[in-house]
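Peer 1: Got a file for you: my_file11.cif, mmCIF, C-alpha atoms (C1' of nucleotides).
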data_protein
loop_
_atom_site.label_atom_id
_atom_site.label_comp_id
_atom_site.auth_asym_id
_atom_site.auth_seq_id
_atom_site.Cartn_x
_atom_site.Cartn_y
_atom_site.Cartn_z
CA MET A 56 -4.27 12.31 17.01
CA ARG A 57 -3.98 15.59 15.31
CA LEU A 58 -6.10 17.01 12.62
CA THR A 59 -4.67 19.97 10.82
CA THR A 60 -4.58 21.31 7.31
CA LYS A 61 -1.66 19.01 6.70
CA GLY A 62 -3.81 15.96 7.20
CA ARG A 63 -6.54 17.53 5.15
CA PHE A 64 -4.20 18.08 2.22
CA ALA A 65 -2.92 14.54 2.49
CA VAL A 66 -6.40 13.04 2.48
CA THR A 67 -7.48 15.24 -0.40
CA ALA A 68 -4.40 14.30 -2.40
CA MET A 69 -4.93 10.62 -1.68
CA ILE A 70 -8.49 10.79 -2.92
CA ASP A 71 -7.26 12.42 -6.10
CA LEU A 72 -4.70 9.66 -6.45
CA GLY A 73 -7.31 7.02 -5.72
CA MET A 74 -9.58 8.40 -8.39
CA ARG A 75 -7.06 7.96 -11.18
CA HIS A 76 -4.50 5.41 -10.12
CA GLN A 77 -5.95 2.83 -12.49
CA ARG A 78 -4.58 4.77 -15.42
CA GLY A 79 -1.03 4.39 -14.19
CA PRO A 80 1.19 6.52 -11.98
CA VAL A 81 -0.19 9.89 -11.03
CA THR A 82 2.20 12.81 -10.92
CA LEU A 83 2.36 15.22 -8.06
CA ALA A 84 2.30 18.04 -10.60
CA GLY A 85 -1.14 16.81 -11.69
CA ILE A 86 -2.46 16.56 -8.16
CA SER A 87 -0.99 19.95 -7.43
CA GLU A 88 -2.86 21.54 -10.29
CA ARG A 89 -6.15 19.75 -9.76
CA GLN A 90 -6.29 20.21 -6.02
CA ARG A 91 -4.40 23.49 -5.80
CA ILE A 92 -1.90 22.21 -3.32
CA SER A 93 1.64 23.46 -3.67
CA LEU A 94 3.90 20.97 -5.38
CA SER A 95 6.66 21.27 -2.84
CA TYR A 96 4.26 20.62 -0.04
CA LEU A 97 2.93 17.55 -1.83
CA GLU A 98 6.46 16.29 -2.23
CA GLN A 99 6.92 16.52 1.48
CA LEU A 100 3.64 14.77 2.21
CA PHE A 101 4.16 11.98 -0.29
CA GLY A 102 7.67 11.42 0.99
CA ARG A 103 6.09 10.42 4.28
CA LEU A 104 3.30 8.45 2.68
CA ARG A 105 5.86 6.50 0.71
CA ARG A 106 8.01 5.78 3.75
CA GLN A 107 4.92 4.50 5.51
CA GLY A 108 4.26 2.11 2.65
CA ILE A 109 0.97 3.71 1.66
CA VAL A 110 2.10 4.75 -1.80
CA ASP A 111 4.84 3.69 -4.17
CA SER A 112 6.77 5.99 -6.41
CA VAL A 113 7.84 5.43 -10.00
CA ARG A 114 10.64 7.62 -11.18
CA GLY A 115 11.43 8.94 -14.60
CA PRO A 116 9.15 9.96 -17.46
CA GLY A 117 5.73 8.45 -17.15
CA GLY A 118 6.38 8.06 -13.46
CA GLY A 119 4.50 9.34 -10.48
CA TYR A 120 2.83 7.76 -7.49
CA THR A 121 0.71 4.65 -7.22
CA LEU A 122 -1.12 3.09 -4.35
CA ALA A 123 0.91 0.54 -2.44
CA GLN A 124 -2.18 -1.04 -0.89
CA SER A 125 -5.78 -1.69 -1.74
CA MET A 126 -7.96 1.33 -1.22
CA LEU A 127 -10.01 -0.78 1.15
CA ASP A 128 -6.99 -1.17 3.37
CA ILE A 129 -6.04 2.49 3.50
CA SER A 130 -7.95 4.27 6.20
CA VAL A 131 -8.15 7.98 6.79
CA ALA A 132 -6.34 7.38 10.05
CA ASP A 133 -3.49 5.70 8.18
CA ILE A 134 -3.07 8.75 6.00
CA ILE A 135 -3.18 11.18 8.87
CA ARG A 136 -0.85 9.09 10.96
CA ALA A 137 1.63 9.05 8.10
CA VAL A 138 1.86 12.78 7.64
CA ASP A 139 1.07 14.24 11.04
CA GLU A 140 3.24 12.75 13.65
CA PRO A 141 1.45 12.05 16.86
CA ILE A 142 1.57 14.51 19.66
CA ASP A 143 2.75 13.35 23.00
CA ALA A 144 -0.38 13.71 25.04
CA THR A 145 1.38 13.05 28.28
CA GLN A 146 3.39 15.39 30.38
CA CYS A 147 5.56 12.58 31.56
CA GLY A 148 6.18 11.16 28.13
CA GLY A 149 4.17 8.07 28.91
CA LEU A 150 7.05 6.82 30.98
CA GLY A 151 5.12 6.78 34.18
CA ASN A 152 7.46 9.09 36.00
CA CYS A 153 4.73 11.42 37.10
CA HIS A 154 4.99 12.98 40.52
CA ASP A 155 1.55 11.82 41.48
CA ASP A 156 -1.48 10.44 39.73
CA ARG A 157 -2.64 13.73 38.36
CA GLU A 158 -0.68 13.83 35.18
CA CYS A 159 -1.73 10.31 34.54
CA MET A 160 -5.29 11.45 34.75
CA THR A 161 -4.67 14.15 32.18
CA HIS A 162 -3.11 11.51 30.06
CA ASP A 163 -5.93 9.03 30.45
CA LEU A 164 -8.61 11.59 29.84
CA TRP A 165 -7.32 12.47 26.48
CA MET A 166 -6.08 9.09 25.43
CA SER A 167 -9.38 7.38 25.82
CA LEU A 168 -11.04 10.01 23.69
CA ASN A 169 -8.15 9.94 21.30
CA SER A 170 -8.45 6.23 20.76
CA ARG A 171 -12.09 6.63 19.95
CA ILE A 172 -11.34 9.17 17.29
CA TYR A 173 -8.76 6.82 15.84
CA ASP A 174 -11.23 3.96 15.92
CA TYR A 175 -13.60 6.07 13.98
CA LEU A 176 -11.11 7.32 11.41
CA ASP A 177 -9.82 3.80 11.01
CA SER A 178 -13.28 2.78 9.96
CA VAL A 179 -13.36 5.18 7.05
CA ASN A 180 -11.32 3.94 4.15
CA LEU A 181 -10.10 5.49 0.94
CA ASP A 182 -12.25 3.33 -1.27
CA GLU A 183 -15.32 4.73 0.36
CA LEU A 184 -14.21 8.33 -0.04
CA VAL A 185 -13.28 7.81 -3.67
CA THR A 186 -16.57 6.11 -4.43
CA THR A 187 -18.44 8.98 -2.82
CA GLN A 188 -16.55 11.53 -4.82
CA LEU A 189 -16.98 9.69 -8.12
CA ALA A 190 -20.69 9.38 -7.48
CA LYS A 191 -20.94 13.06 -6.78
CA GLN A 192 -19.15 13.96 -9.97
CA ALA A 193 -21.29 11.59 -12.01
CA GLU A 194 -24.33 13.27 -10.58
CA GLU A 195 -23.07 16.68 -11.57
CA VAL A 196 -22.39 15.55 -15.11
CA ALA A 197 -25.87 14.05 -15.33
CA HIS A 198 -27.27 17.43 -14.41
CA GLY A 199 -25.13 19.16 -17.01
CA GLN A 200 -23.31 21.07 -14.36
CA ALA A 201 -19.82 19.85 -15.04
CA GLN A 202 -18.62 23.24 -16.27
CA GLY A 203 -18.48 26.31 -14.13
CA HIS A 204 -20.52 24.73 -11.41
CA LYS A 205 -20.54 26.78 -8.27
CA HIS A 206 -20.97 24.57 -5.30
CA ASP A 207 -23.91 25.15 -3.07
CA THR A 208 -22.58 25.66 0.40
CA ARG A 209 -25.84 24.59 1.94
CA ARG A 210 -25.38 21.11 0.54
CA VAL A 211 -21.75 20.60 1.25
CA VAL A 212 -22.03 19.11 4.65
CA GLY A 213 -24.88 16.80 3.93
CA SER A 214 -23.10 15.45 0.92
CA ALA A 215 -21.63 12.55 2.83
CA ASP A 216 -24.96 10.77 2.65
CA ILE A 217 -24.15 9.27 -0.73
CA THR A 218 -21.75 7.02 1.08
CA PRO A 219 -22.39 3.33 0.44
CA GLY A 220 -21.70 1.90 3.82
CA LEU A 221 -19.11 2.13 6.50
CA MET A 222 -16.62 -0.62 6.83
CA HIS A 223 -14.83 -1.71 9.87
CA LYS A 224 -11.32 -2.90 9.60
CA SER A 225 -11.66 -5.20 12.52
CA GLY A 226 -8.78 -7.22 13.72
CA GLN A 227 -6.27 -5.22 11.82
CA ALA A 228 -5.13 -3.03 14.64
CA HIS A 229 -3.11 -0.01 13.78
CA LYS A 230 0.59 0.01 14.24
CA THR A 231 0.67 0.14 17.92
CA VAL A 232 3.38 1.81 19.84
CA VAL A 233 3.37 0.69 23.38
CA ASN A 234 5.22 2.97 25.64
CA GLY A 235 8.07 1.55 27.53
CA MET B 214 -12.41 20.51 12.31
CA ARG B 215 -9.09 20.72 13.95
CA LEU B 216 -7.68 18.61 16.65
CA THR B 217 -4.66 20.01 18.40
CA THR B 218 -3.26 20.30 21.88
CA LYS B 219 -5.46 23.31 22.35
CA GLY B 220 -8.59 21.24 21.96
CA ARG B 221 -7.12 18.56 24.13
CA PHE B 222 -6.46 20.99 26.94
CA ALA B 223 -9.94 22.39 26.65
CA VAL B 224 -11.57 18.98 26.84
CA THR B 225 -9.39 17.95 29.75
CA ALA B 226 -10.19 21.14 31.60
CA MET B 227 -13.89 20.74 30.95
CA ILE B 228 -13.86 17.22 32.34
CA ASP B 229 -12.15 18.54 35.45
CA LEU B 230 -14.80 21.21 35.72
CA GLY B 231 -17.55 18.69 35.11
CA MET B 232 -16.24 16.49 37.88
CA ARG B 233 -16.54 19.15 40.55
CA HIS B 234 -19.00 21.78 39.41
CA GLN B 235 -21.60 20.59 41.89
CA ARG B 236 -19.53 21.99 44.71
CA GLY B 237 -19.77 25.51 43.36
CA PRO B 238 -17.60 27.53 41.01
CA VAL B 239 -14.31 25.92 40.07
CA THR B 240 -11.27 28.16 39.82
CA LEU B 241 -8.88 28.10 36.95
CA ALA B 242 -6.05 28.03 39.46
CA GLY B 243 -7.42 24.71 40.69
CA ILE B 244 -7.76 23.25 37.23
CA SER B 245 -4.32 24.52 36.40
CA GLU B 246 -2.79 22.71 39.32
CA ARG B 247 -4.73 19.49 38.95
CA GLN B 248 -4.32 19.16 35.21
CA ARG B 249 -0.97 20.88 34.88
CA ILE B 250 -2.14 23.35 32.31
CA SER B 251 -0.75 26.87 32.53
CA LEU B 252 -3.13 29.31 34.17
CA SER B 253 -2.75 31.98 31.54
CA TYR B 254 -3.51 29.50 28.83
CA LEU B 255 -6.59 28.33 30.68
CA GLU B 256 -7.76 31.92 30.93
CA GLN B 257 -7.55 32.24 27.21
CA LEU B 258 -9.42 28.98 26.65
CA PHE B 259 -12.15 29.73 29.16
CA GLY B 260 -12.60 33.19 27.70
CA ARG B 261 -13.71 31.50 24.52
CA LEU B 262 -15.76 28.86 26.27
CA ARG B 263 -17.58 31.59 28.13
CA ARG B 264 -18.23 33.64 25.02
CA GLN B 265 -19.66 30.52 23.40
CA GLY B 266 -22.06 30.08 26.29
CA ILE B 267 -20.60 26.78 27.43
CA VAL B 268 -19.48 28.01 30.83
CA ASP B 269 -20.41 30.91 33.09
CA SER B 270 -18.01 32.88 35.20
CA VAL B 271 -18.34 34.22 38.70
CA ARG B 272 -15.93 36.96 39.66
CA GLY B 273 -14.43 37.81 42.94
CA PRO B 274 -13.36 35.64 45.84
CA GLY B 275 -15.17 32.33 45.90
CA GLY B 276 -15.74 32.74 42.20
CA GLY B 277 -14.67 30.60 39.31
CA TYR B 278 -16.37 28.88 36.44
CA THR B 279 -19.57 26.88 36.31
CA LEU B 280 -21.23 24.95 33.55
CA ALA B 281 -23.73 27.00 31.58
CA GLN B 282 -25.44 23.92 30.17
CA SER B 283 -26.21 20.38 31.16
CA MET B 284 -23.26 18.06 30.70
CA LEU B 285 -25.48 15.98 28.45
CA ASP B 286 -25.79 18.92 26.11
CA ILE B 287 -22.11 19.72 25.90
CA SER B 288 -20.42 17.62 23.28
CA VAL B 289 -16.74 17.26 22.65
CA ALA B 290 -17.30 18.94 19.33
CA ASP B 291 -18.84 21.94 21.11
CA ILE B 292 -15.75 22.33 23.23
CA ILE B 293 -13.37 22.00 20.35
CA ARG B 294 -15.41 24.31 18.18
CA ALA B 295 -15.31 26.93 20.93
CA VAL B 296 -11.56 27.07 21.37
CA ASP B 297 -10.20 26.10 17.96
CA GLU B 298 -11.77 28.24 15.37
CA PRO B 299 -12.53 26.35 12.25
CA ILE B 300 -10.12 26.39 9.42
CA ASP B 301 -11.40 27.61 6.15
CA ALA B 302 -11.22 24.48 4.09
CA THR B 303 -11.83 26.28 0.84
CA GLN B 304 -9.41 28.18 -1.24
CA CYS B 305 -12.19 30.48 -2.34
CA GLY B 306 -13.43 31.16 1.16
CA GLY B 307 -16.67 29.30 0.53
CA LEU B 308 -17.87 32.27 -1.47
CA GLY B 309 -18.09 30.36 -4.68
CA ASN B 310 -15.72 32.63 -6.54
CA CYS B 311 -13.60 29.78 -7.79
CA HIS B 312 -12.16 29.92 -11.25
CA ASP B 313 -13.52 26.52 -12.14
CA ASP B 314 -14.94 23.53 -10.33
CA ARG B 315 -11.65 22.27 -9.09
CA GLU B 316 -11.39 24.21 -5.92
CA CYS B 317 -14.93 23.27 -5.12
CA MET B 318 -13.93 19.66 -5.40
CA THR B 319 -11.06 20.16 -2.98
CA HIS B 320 -13.53 21.77 -0.69
CA ASP B 321 -16.13 19.02 -0.98
CA LEU B 322 -13.63 16.26 -0.53
CA TRP B 323 -12.63 17.50 2.83
CA MET B 324 -15.93 18.82 3.99
CA SER B 325 -17.74 15.54 3.64
CA LEU B 326 -15.14 13.85 5.77
CA ASN B 327 -15.06 16.78 8.11
CA SER B 328 -18.76 16.61 8.73
CA ARG B 329 -18.45 12.98 9.65
CA ILE B 330 -15.82 13.71 12.21
CA TYR B 331 -18.04 16.40 13.66
CA ASP B 332 -20.99 14.05 13.70
CA TYR B 333 -18.94 11.64 15.67
CA LEU B 334 -17.55 14.14 18.15
CA ASP B 335 -21.00 15.58 18.55
CA SER B 336 -22.14 12.19 19.72
CA VAL B 337 -19.73 12.13 22.63
CA ASN B 338 -20.89 14.35 25.46
CA LEU B 339 -19.25 15.63 28.58
CA ASP B 340 -21.48 13.66 30.90
CA GLU B 341 -20.22 10.46 29.39
CA LEU B 342 -16.59 11.47 29.75
CA VAL B 343 -17.05 12.59 33.33
CA THR B 344 -18.88 9.41 34.25
CA THR B 345 -16.10 7.34 32.76
CA GLN B 346 -13.48 9.23 34.64
CA LEU B 347 -15.31 9.06 37.96
CA ALA B 348 -15.82 5.34 37.53
CA LYS B 349 -12.16 4.87 36.86
CA GLN B 350 -11.16 6.77 39.96
CA ALA B 351 -13.65 4.89 42.10
CA GLU B 352 -12.13 1.68 40.86
CA GLU B 353 -8.65 2.81 41.80
CA VAL B 354 -9.76 3.76 45.27
CA ALA B 355 -11.45 0.38 45.69
CA HIS B 356 -8.14 -1.27 44.91
CA GLY B 357 -6.34 0.86 47.44
CA GLN B 358 -4.27 2.51 44.78
CA ALA B 359 -5.36 6.06 45.27
CA GLN B 360 -1.98 7.19 46.52
CA GLY B 361 1.15 7.17 44.46
CA HIS B 362 -0.44 5.03 41.83
CA LYS B 363 1.52 4.88 38.64
CA HIS B 364 -0.76 4.26 35.80
CA ASP B 365 -0.29 1.12 33.83
CA THR B 366 0.41 2.11 30.27
CA ARG B 367 -0.90 -1.14 28.95
CA ARG B 368 -4.34 -0.38 30.22
CA VAL B 369 -4.61 3.23 29.30
CA VAL B 370 -6.58 2.98 26.15
CA GLY B 371 -8.67 -0.01 26.89
CA SER B 372 -9.90 1.83 29.91
CA ALA B 373 -12.50 3.55 27.79
CA ASP B 374 -14.50 0.35 27.92
CA ILE B 375 -16.00 1.35 31.22
CA THR B 376 -18.00 3.80 29.23
CA PRO B 377 -21.74 3.32 29.60
CA GLY B 378 -22.76 3.16 26.02
CA LEU B 379 -21.11 4.32 22.86
CA MET B 380 -23.49 5.32 20.19
CA HIS B 381 -21.39 4.98 17.13
CA LYS B 382 -19.04 2.22 17.79
CA SER B 383 -19.18 -1.51 18.09
CA GLY B 384 -17.28 -1.34 21.33
CA GLN B 385 -14.32 -3.29 20.07
CA ALA B 386 -11.65 -1.00 21.35
CA HIS B 387 -8.26 -2.07 20.27
CA LYS B 388 -5.39 -1.79 22.64
CA THR B 389 -3.75 1.14 21.09
CA VAL B 390 -1.50 3.62 22.68
CA VAL B 391 -1.01 6.41 20.32
CA ASN B 392 2.47 6.96 21.18
CA GLY B 393 3.63 9.23 23.72
"C1'" DT C 244 25.92 4.81 -26.18
"C1'" DG C 245 24.87 9.14 -24.19
"C1'" DA C 246 22.29 13.38 -23.95
"C1'" DA C 247 17.84 15.29 -23.05
"C1'" DT C 248 13.86 14.96 -20.39
"C1'" DA C 249 10.36 13.88 -16.85
"C1'" DG C 250 10.12 12.99 -12.59
"C1'" DT C 251 11.31 12.12 -7.52
"C1'" DT C 252 14.21 13.07 -3.22
"C1'" DG C 253 15.85 15.53 0.43
"C1'" DA C 254 17.98 19.39 2.73
"C1'" DC C 255 17.52 23.83 3.96
"C1'" DC C 256 15.05 28.24 4.67
"C1'" DA C 257 11.56 31.99 5.20
"C1'" DA C 258 6.89 33.54 5.87
"C1'" DA C 259 2.68 32.90 8.14
"C1'" DT C 260 0.05 31.09 11.57
"C1'" DT C 261 -0.76 29.17 16.22
"C1'" DA C 262 0.31 28.32 20.78
"C1'" DA C 263 1.47 30.02 25.03
"C1'" DT C 264 2.96 33.67 28.24
"C1'" DC C 265 2.91 38.07 30.39
"C1'" DG C 266 1.41 42.22 32.55
"C1'" DG C 267 -1.77 44.74 33.84
"C1'" DG C 268 -6.87 45.73 34.62
"C1'" DA C 269 -11.73 44.86 36.37
"C1'" DT C 270 -14.90 42.92 39.85
"C1'" DT C 271 -16.51 41.44 44.16
"C1'" DA C 272 -16.73 39.06 48.83
"C1'" DG C 273 -15.42 39.76 53.32
"C1'" DC D 53 -9.35 48.15 51.77
"C1'" DT D 54 -7.50 43.89 50.12
"C1'" DA D 55 -7.13 39.48 48.42
"C1'" DA D 56 -9.21 36.22 45.21
"C1'" DT D 57 -10.76 35.82 41.01
"C1'" DC D 58 -11.85 36.64 36.19
"C1'" DC D 59 -10.65 39.50 31.95
"C1'" DC D 60 -8.09 41.12 28.02
"C1'" DG D 61 -4.62 43.10 24.94
"C1'" DA D 62 0.12 42.71 23.66
"C1'" DT D 63 4.08 40.06 23.19
"C1'" DT D 64 7.06 36.13 22.59
"C1'" DA D 65 7.88 31.21 21.33
"C1'" DA D 66 6.97 27.33 18.58
"C1'" DT D 67 5.11 25.10 14.83
"C1'" DT D 68 3.27 24.76 10.36
"C1'" DT D 69 3.19 25.83 5.74
"C1'" DG D 70 5.17 26.34 1.63
"C1'" DG D 71 9.28 27.59 -1.38
"C1'" DT D 72 14.01 26.91 -3.55
"C1'" DC D 73 17.55 24.36 -5.02
"C1'" DA D 74 20.64 20.80 -6.10
"C1'" DA D 75 20.99 16.11 -6.54
"C1'" DC D 76 19.42 11.65 -8.19
"C1'" DT D 77 16.87 8.06 -11.27
"C1'" DA D 78 14.76 6.16 -15.13
"C1'" DT D 79 13.10 6.61 -19.81
"C1'" DT D 80 13.32 7.99 -24.45
"C1'" DC D 81 15.43 8.94 -28.55
"C1'" DA D 82 18.98 10.18 -31.70
#
Give the structure from the file, written as structure tokens.

Peer 2:
Amino acid sequence: MRLTTKGRFAVTAMIDLGMRHQRGPVTLAGISERQRISLSYLEQLFGRLRRQGIVDSVRGPGGGYTLAQSMLDISVADIIRAVDEPIDATQCGGLGNCHDDRECMTHDLWMSLNSRIYDYLDSVNLDELVTTQLAKQAEEVAHGQAQGHKHDTRRVVGSADITPGLMHKSGQAHKTVVNG
Amino acid sequence: MRLTTKGRFAVTAMIDLGMRHQRGPVTLAGISERQRISLSYLEQLFGRLRRQGIVDSVRGPGGGYTLAQSMLDISVADIIRAVDEPIDATQCGGLGNCHDDRECMTHDLWMSLNSRIYDYLDSVNLDELVTTQLAKQAEEVAHGQAQGHKHDTRRVVGSADITPGLMHKSGQAHKTVVNG
DNA sequence: TGAATAGTTGACCAAATTAATCGGGATTAG
DNA sequence: CTAATCCCGATTAATTTGGTCAACTATTCA
């Protein structure tokens, strides 16, 4: 698992897409402008998301990107996995050719934590994030703060508490790559 | 929040330290050899951990590093925060000088997810990780596999289930190996 | 039909940032 | 004093980030 700005941009872009996919394909140019992410970088990210079957592309005028799956089925981990290829946490490449058991320990230590982080991020899906964001925007409009609103940094972190409820995608294990 | 090899090394090193801190200061040279992390890199990492008050250092012969806090009080998030300085998720630097509300939205989108990841990693403490690791080693010794044991890749991830009690999760760990 | 247009695709490249190493100092026990 | 150890600034290596450009594809419209 890796969490970098790349994953952050991908998740942000996917939320933007999720928020307006009902109205037809969403262009990268639109996401680029709304989220201030460079268009060329988005192209790169969505290329991967498309190859992973998370989004579909529609070419030509009126085209853009659409979701290839239900928002309930797209987890944050799916998005991050798609754009940020996994690091090899082992020194021995998971092939078991360690000199002794020490490298395996290094490997185990991180992997067990790693899998927990994945478990967690697999439990957060796009639908939830989009719902949260729409609710937040509705709230702003209700308070007449839609224009020129400066966000209050003291509230930012706590803002996740609007969230309806966490879902667990049980059973549906992530695409597992078993070494060897 | 960022999760990179740097954070991984730091967590691994801290577990190593946690496993033997009772016997006095632990040298970086020892951690370096056991965990196969370069000494100079460890020095850099522990410099930060020390400045964050997570470890204490003892200079001179017989010196090394000790824990500055109870293992129960050191969370994975603390460790990662110490070595991987946080990215600035905002375009406007969190200063609220955005042109309109769009950048704030970008900011919010990520921050609410970010805070959840932190919440989660804050819930996993070093004591828990060390206990898990010690239990695993004890088990290996009991099976007479202490020497030359090659780890079984199929069990790597599931091995977290020895863990005493996970707060967040409904312990259904899937058998995932995040590819090496 | 076919040209213009809106849009994606993918390869390549450069700047910026991070990761990791290196070389030399400090500090202290014995 | 000297060896074991931490400490730290500078440097190099690797990766990430983001940009440019030249196809390619589908739609629209004349």

Peer 1: Nearest to chain D among A:Pro116, A:Ile134, A:Phe64, A:Asp174, with distances taken over only C-alpha atoms (C1' of nucleotides): which residue is it?

Peer 2: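 For chain D, the nearest of the given residues is A:Pro116.
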
Peer 1: Using the chain letters and numbers from this file, what does the PyMOL selection byres ((chain C) within 8 of (chain B)) select? Give the answer as a list in words.

Peer 2: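 Applying the PyMOL selection byres ((chain C) within 8 of (chain B)) to the structure shown produces DA262, DA263, DT264, DT270, DT271 and DA272 of chain C.
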
Peer 1: Evaluate the PyMOL selection byres ((chain D) within 10 of (chain A)) and record the selected residues as a list in words, following the chain and residue labels used in the document.

Peer 2: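 This file, filtered by the PyMOL selection byres ((chain D) within 10 of (chain A)), leaves DT68, DT69, DG70, DG71, DT72, DT77, DA78, DT79 and DT80 of chain D.
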
Peer 1: Env of range 287-291 of chain B: 7 Å cut, atoms = only C-alpha atoms (C1' of nucleotides), seq-sep filter 3 positions within chain, self excluded. Answer as a PyMOL selection string.

Peer 2: chain B and resi 224+282-284+294-295+331+334-339

Peer 1: Calculated over all atoms listed in the file, which of the candidates A:Met166, A:Val110, A:Met69, A:Ile86 has the smallest distance to chain B?

Peer 2: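 Closest to chain B, using all atoms listed in the file: A:Met166.
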
Peer 1: Near Arg236 in chain B, counting only C-alpha atoms (C1' of nucleotides), which residues have an atom at most 12 Å away, once you skip same-chain residues fewer than 2 positions from it, shown as number ranges by chain?

Peer 2: B: 230-234, 238-240, 275-280

Peer 1: What do you get, as a list of chain:residue names, if you spell out every residue that the PyMOL selection byres ((chain C and resi 252) around 10) selects here?

Peer 2: A:Glu98, A:Gln99, A:Gly102, C:DT251, C:DG253, C:DA254, D:DA75, D:DC76, D:DT77

Peer 1: Counting all atoms listed in the file, which of B:Ala351, B:Gln235, B:Leu216, B:Ser270 gets nearest to DT57 in chain D?

Peer 2: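 Of all the options, B:Ser270 lies closest to DT57 in chain D.
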
Peer 1: Could you work out how far C1' of DT67 in chain D lies from CA of Glu246 in chain B, giving the answer in Å with one decimal?

Peer 2: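 Separation between CA of Glu246 in chain B and C1' of DT67 in chain D: 25.8 Å.
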
Peer 1: I need the residue nearest chain A from this list: B:Asp340, B:Glu352, B:Asp229, B:Asp286. Use all atoms listed in the file for the distance.

Peer 2: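 Counting all atoms listed in the file, the residue closest to chain A is B:Asp229.
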
Peer 1: Interatomic distance between CA of Val185 in chain A and CA of Ile70 in chain A?

Peer 2: 5.7 Å

Peer 1: Identify which of the residues B:Leu262, B:Asp269, B:Trp323, B:Ala281 lies closest to chain A, counting all atoms listed in the file when measuring atom-to-atom distances.

Peer 2: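 That would be B:Trp323, the residue with the smallest distance to chain A.
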
Peer 1: Could you jot down the C1' of DA269 in chain C to CA of Leu241 in chain B separation for me, Å, one decimal place?

Peer 2: 17.0 Å

Peer 1: Choose the residue, out of A:Gly62, A:Phe101, A:Ala84, A:Ser170, that has the smallest atom-to-atom separation from chain B; count only C-alpha atoms.

Peer 2: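 Looking at the shortest contact to chain B, the residue is A:Ser170.
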